[in-house]
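Undergrad: Quick one: the structure is below, and I'll ask about it shortly.
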Amino acid sequence: MLAAARSQAESEISQAALAELCQTYWAPLYSFVRSRGYTVHDAQDLTQSFFAYLLEHKIYARVDRQKGKFRSFLLASLKNFLAHAVDRARTLKRGSGQDFLPLHEEQAKEAESLFQAHSTAGSEDRLFDRSWAEALLAAGLERLSADYKGESKEKLFNELRIFVAGGADPPPTYAELTDRLGIAESTLRSHVTRLRARYLEALRAEVRRTVHTETQVDEELHELIHVLTEG
């Protein structure tokens, strides 16, 4: 009985972790589907249906983290899924599997915005990589935000996040921030340095969920930088 309960608990934790991971990859996969010429509605249907198919047939269990990147596995699986999309459309509709991976309106809008921002990136695979990079940065930032909030440092994070997240406007000067936060400049510099280090670790933590070794984490982060800087 205890073993069964433990097994069920571990399964629920695993499912929750997988759901979170799927949410991170939803926008990049949606962007890829859109790049194939599908409408917004059809791309949403197909992306949701793909995840339903992924879970129903436990396709994710086939990935060997020692032999390849999780994102590459997902993209290859999606290409195979789309090759038979007409047949599967008869049985897989948006909503199947929604208990596991609900599609929120804001999420859908953000995914479409991401696609529009990078729709001229070139090939379909390149668009997927660019969308993946942006999604990973957002996931790392969200993880970091939750950590600061848990430490009751939400205000500090909101003031300093521009130093890691960037933005349309230049970051405020240290003089402006010391006045707003009421701290010494030396303390502020320490906070910014620590924020950047923690953001890098948050990104590493996101990547670590999909690969097997720290060397592979380094390789994925190197690829992330390459994708973001290749123009």
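Here's how to read the names in the structure tokens: chain A, B, ... by the order shown, residue numbers from 1 in each chain, ligand numbers from 1 in the order shown.
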Can you tell me which residues surround A:Val40 at a distance of at most 12 Å, considering only C-alpha atoms, apart from same-chain residues fewer than 5 positions away, and format the answer as JSON, numbers by chain?
TA: {"A": [30, 31, 32, 33, 34, 35, 45, 46, 47, 108, 109, 111, 112, 113, 115, 116]}
Undergrad: Using all heavy atoms, can you export the residues from the last selection as a compact mmCIF listing (two decimals), in the first residue's frame?
TA:
```txt
# COMPACT_ATOMS: atom_id res chain seq x y z
N TYR A 30 4.43 25.78 -31.46
CA TYR A 30 3.35 26.52 -32.14
C TYR A 30 3.93 27.36 -33.27
O TYR A 30 3.38 27.40 -34.38
CB TYR A 30 2.62 27.40 -31.13
CG TYR A 30 1.68 28.41 -31.76
CD1 TYR A 30 0.38 28.07 -32.10
CD2 TYR A 30 2.12 29.72 -32.01
CE1 TYR A 30 -0.48 29.00 -32.69
CE2 TYR A 30 1.27 30.66 -32.59
CZ TYR A 30 -0.02 30.29 -32.93
OH TYR A 30 -0.86 31.22 -33.50
N SER A 31 5.06 28.03 -33.02
CA SER A 31 5.69 28.86 -34.05
C SER A 31 6.08 28.01 -35.25
O SER A 31 5.93 28.44 -36.41
CB SER A 31 6.94 29.55 -33.49
OG SER A 31 6.59 30.53 -32.53
N PHE A 32 6.58 26.82 -34.98
CA PHE A 32 6.96 25.93 -36.09
C PHE A 32 5.73 25.55 -36.91
O PHE A 32 5.77 25.57 -38.15
CB PHE A 32 7.64 24.67 -35.55
CG PHE A 32 8.09 23.74 -36.64
CD1 PHE A 32 9.34 23.89 -37.22
CD2 PHE A 32 7.27 22.72 -37.10
CE1 PHE A 32 9.76 23.05 -38.24
CE2 PHE A 32 7.68 21.86 -38.11
CZ PHE A 32 8.94 22.04 -38.69
N VAL A 33 4.63 25.22 -36.24
CA VAL A 33 3.41 24.85 -36.95
C VAL A 33 2.91 26.04 -37.79
O VAL A 33 2.54 25.88 -38.95
CB VAL A 33 2.31 24.39 -35.96
CG1 VAL A 33 1.01 24.10 -36.71
CG2 VAL A 33 2.77 23.14 -35.21
N ARG A 34 2.94 27.23 -37.21
CA ARG A 34 2.51 28.43 -37.94
C ARG A 34 3.38 28.65 -39.17
O ARG A 34 2.89 29.09 -40.22
CB ARG A 34 2.57 29.66 -37.03
CG ARG A 34 1.43 29.74 -36.04
CD ARG A 34 0.15 30.25 -36.68
NE ARG A 34 0.16 31.70 -36.82
CZ ARG A 34 -0.13 32.35 -37.94
NH1 ARG A 34 -0.42 31.67 -39.04
NH2 ARG A 34 -0.12 33.67 -37.98
N SER A 35 4.67 28.34 -39.05
CA SER A 35 5.58 28.55 -40.18
C SER A 35 5.27 27.62 -41.35
O SER A 35 5.71 27.86 -42.47
CB SER A 35 7.04 28.36 -39.74
OG SER A 35 7.33 27.00 -39.49
N ASP A 45 -4.89 24.25 -32.60
CA ASP A 45 -5.46 22.90 -32.58
C ASP A 45 -4.35 21.84 -32.70
O ASP A 45 -4.32 20.87 -31.94
CB ASP A 45 -6.43 22.72 -33.75
CG ASP A 45 -7.79 23.33 -33.47
OD1 ASP A 45 -8.04 23.71 -32.32
OD2 ASP A 45 -8.60 23.41 -34.41
N LEU A 46 -3.49 22.03 -33.68
CA LEU A 46 -2.45 21.04 -33.95
C LEU A 46 -1.43 20.96 -32.82
O LEU A 46 -0.97 19.86 -32.47
CB LEU A 46 -1.75 21.37 -35.27
CG LEU A 46 -2.57 21.03 -36.53
CD1 LEU A 46 -1.97 21.69 -37.76
CD2 LEU A 46 -2.64 19.51 -36.72
N THR A 47 -1.08 22.09 -32.25
CA THR A 47 -0.11 22.07 -31.15
C THR A 47 -0.69 21.36 -29.94
O THR A 47 -0.03 20.53 -29.31
CB THR A 47 0.32 23.50 -30.77
OG1 THR A 47 0.82 24.18 -31.95
CG2 THR A 47 1.43 23.48 -29.73
N ALA A 108 -1.65 31.85 -25.61
CA ALA A 108 -1.83 31.78 -27.06
C ALA A 108 -1.42 33.09 -27.73
O ALA A 108 -0.77 33.09 -28.78
CB ALA A 108 -3.28 31.44 -27.40
N LYS A 109 -1.79 34.21 -27.11
CA LYS A 109 -1.43 35.52 -27.67
C LYS A 109 0.08 35.72 -27.67
O LYS A 109 0.65 36.25 -28.63
CB LYS A 109 -2.11 36.63 -26.87
CG LYS A 109 -3.60 36.76 -27.11
CD LYS A 109 -4.19 37.91 -26.31
CE LYS A 109 -5.68 38.08 -26.59
NZ LYS A 109 -6.28 39.19 -25.79
N ALA A 111 2.35 33.42 -27.73
CA ALA A 111 2.95 32.52 -28.71
C ALA A 111 2.83 33.10 -30.12
O ALA A 111 3.78 33.04 -30.91
CB ALA A 111 2.29 31.14 -28.65
N GLU A 112 1.67 33.67 -30.43
CA GLU A 112 1.48 34.27 -31.75
C GLU A 112 2.38 35.50 -31.91
O GLU A 112 2.95 35.73 -32.99
CB GLU A 112 0.01 34.66 -31.93
CG GLU A 112 -0.30 35.39 -33.24
CD GLU A 112 0.01 34.58 -34.49
OE1 GLU A 112 0.12 33.33 -34.39
OE2 GLU A 112 0.12 35.18 -35.57
N SER A 113 2.52 36.28 -30.84
CA SER A 113 3.40 37.44 -30.88
C SER A 113 4.84 37.02 -31.13
O SER A 113 5.58 37.66 -31.90
CB SER A 113 3.30 38.22 -29.56
OG SER A 113 4.19 39.31 -29.54
N PHE A 115 5.79 34.30 -32.68
CA PHE A 115 5.88 33.87 -34.08
C PHE A 115 6.01 35.07 -35.01
O PHE A 115 6.85 35.08 -35.92
CB PHE A 115 4.65 33.04 -34.46
CG PHE A 115 4.50 32.86 -35.95
CD1 PHE A 115 5.35 32.02 -36.65
CD2 PHE A 115 3.52 33.56 -36.65
CE1 PHE A 115 5.23 31.87 -38.03
CE2 PHE A 115 3.39 33.41 -38.03
CZ PHE A 115 4.25 32.57 -38.72
N GLN A 116 5.18 36.08 -34.80
CA GLN A 116 5.22 37.26 -35.66
C GLN A 116 6.57 37.97 -35.56
O GLN A 116 7.10 38.48 -36.57
CB GLN A 116 4.09 38.24 -35.28
CG GLN A 116 2.70 37.72 -35.56
CD GLN A 116 2.42 37.53 -37.03
OE1 GLN A 116 3.07 38.12 -37.89
NE2 GLN A 116 1.44 36.68 -37.35
```
Undergrad: Could you name the residues that touch stretch 195-206 of chain A at 12 Å or less, counting only C-alpha atoms, but leaving out those on the same chain fewer than 6 positions away, as an MDAnalysis selection string?
TA: chainID A and resid 17 20:21 24:25 70 132:148 153 156:166 188:189 212:222 224:225
Undergrad: Please write the residues from the selection above to a file, keeping C-alpha atoms, as a short mmCIF file (atom, residue, chain, number, x, y, z; two decimals), in the first residue's frame.
TA:
```cif
data_model
loop_
_atom_site.label_atom_id
_atom_site.label_comp_id
_atom_site.auth_asym_id
_atom_site.auth_seq_id
_atom_site.Cartn_x
_atom_site.Cartn_y
_atom_site.Cartn_z
CA ALA A 17 7.18 18.41 -14.12
CA GLU A 20 5.64 22.50 -16.86
CA LEU A 21 8.21 21.48 -19.45
CA THR A 24 7.86 26.00 -21.97
CA TYR A 25 7.98 24.32 -25.36
CA PHE A 70 15.01 17.06 -25.75
CA TRP A 132 12.98 28.09 -28.19
CA ALA A 133 15.69 30.52 -27.10
CA GLU A 134 13.17 33.22 -26.26
CA ALA A 135 10.97 30.75 -24.39
CA LEU A 136 13.93 29.47 -22.38
CA LEU A 137 14.95 33.00 -21.39
CA ALA A 138 11.37 33.69 -20.28
CA ALA A 139 11.21 30.44 -18.28
CA GLY A 140 14.50 31.26 -16.55
CA LEU A 141 13.25 34.74 -15.71
CA GLU A 142 10.00 33.35 -14.34
CA ARG A 143 11.91 30.88 -12.18
CA LEU A 144 14.12 33.68 -10.87
CA SER A 145 11.12 35.91 -10.18
CA ALA A 146 9.50 33.14 -8.13
CA ASP A 147 12.71 32.70 -6.12
CA TYR A 148 12.91 36.40 -5.27
CA LYS A 153 12.42 40.48 -2.41
CA LEU A 156 14.12 44.42 -5.54
CA PHE A 157 13.68 41.98 -8.40
CA ASN A 158 11.20 44.22 -10.23
CA GLU A 159 13.61 47.14 -10.00
CA LEU A 160 16.62 45.15 -11.18
CA ARG A 161 15.13 42.70 -13.69
CA ILE A 162 15.94 45.03 -16.59
CA PHE A 163 19.62 44.19 -16.04
CA VAL A 164 18.97 40.60 -17.11
CA ALA A 165 15.74 40.83 -19.11
CA GLY A 166 16.57 43.94 -21.11
CA LEU A 188 23.32 47.88 -5.38
CA ARG A 189 26.25 46.66 -7.46
CA HIS A 212 21.85 14.33 -18.89
CA THR A 213 25.21 15.95 -18.08
CA GLU A 214 26.60 19.35 -17.12
CA THR A 215 28.63 19.29 -20.33
CA GLN A 216 25.37 19.08 -22.28
CA VAL A 217 23.99 21.97 -20.22
CA ASP A 218 27.01 24.03 -21.30
CA GLU A 219 26.47 23.00 -24.92
CA GLU A 220 22.82 24.01 -24.84
CA LEU A 221 23.63 27.39 -23.30
CA HIS A 222 26.30 27.91 -25.95
CA LEU A 224 21.28 29.53 -26.87
CA ILE A 225 23.81 32.35 -27.17
#
```
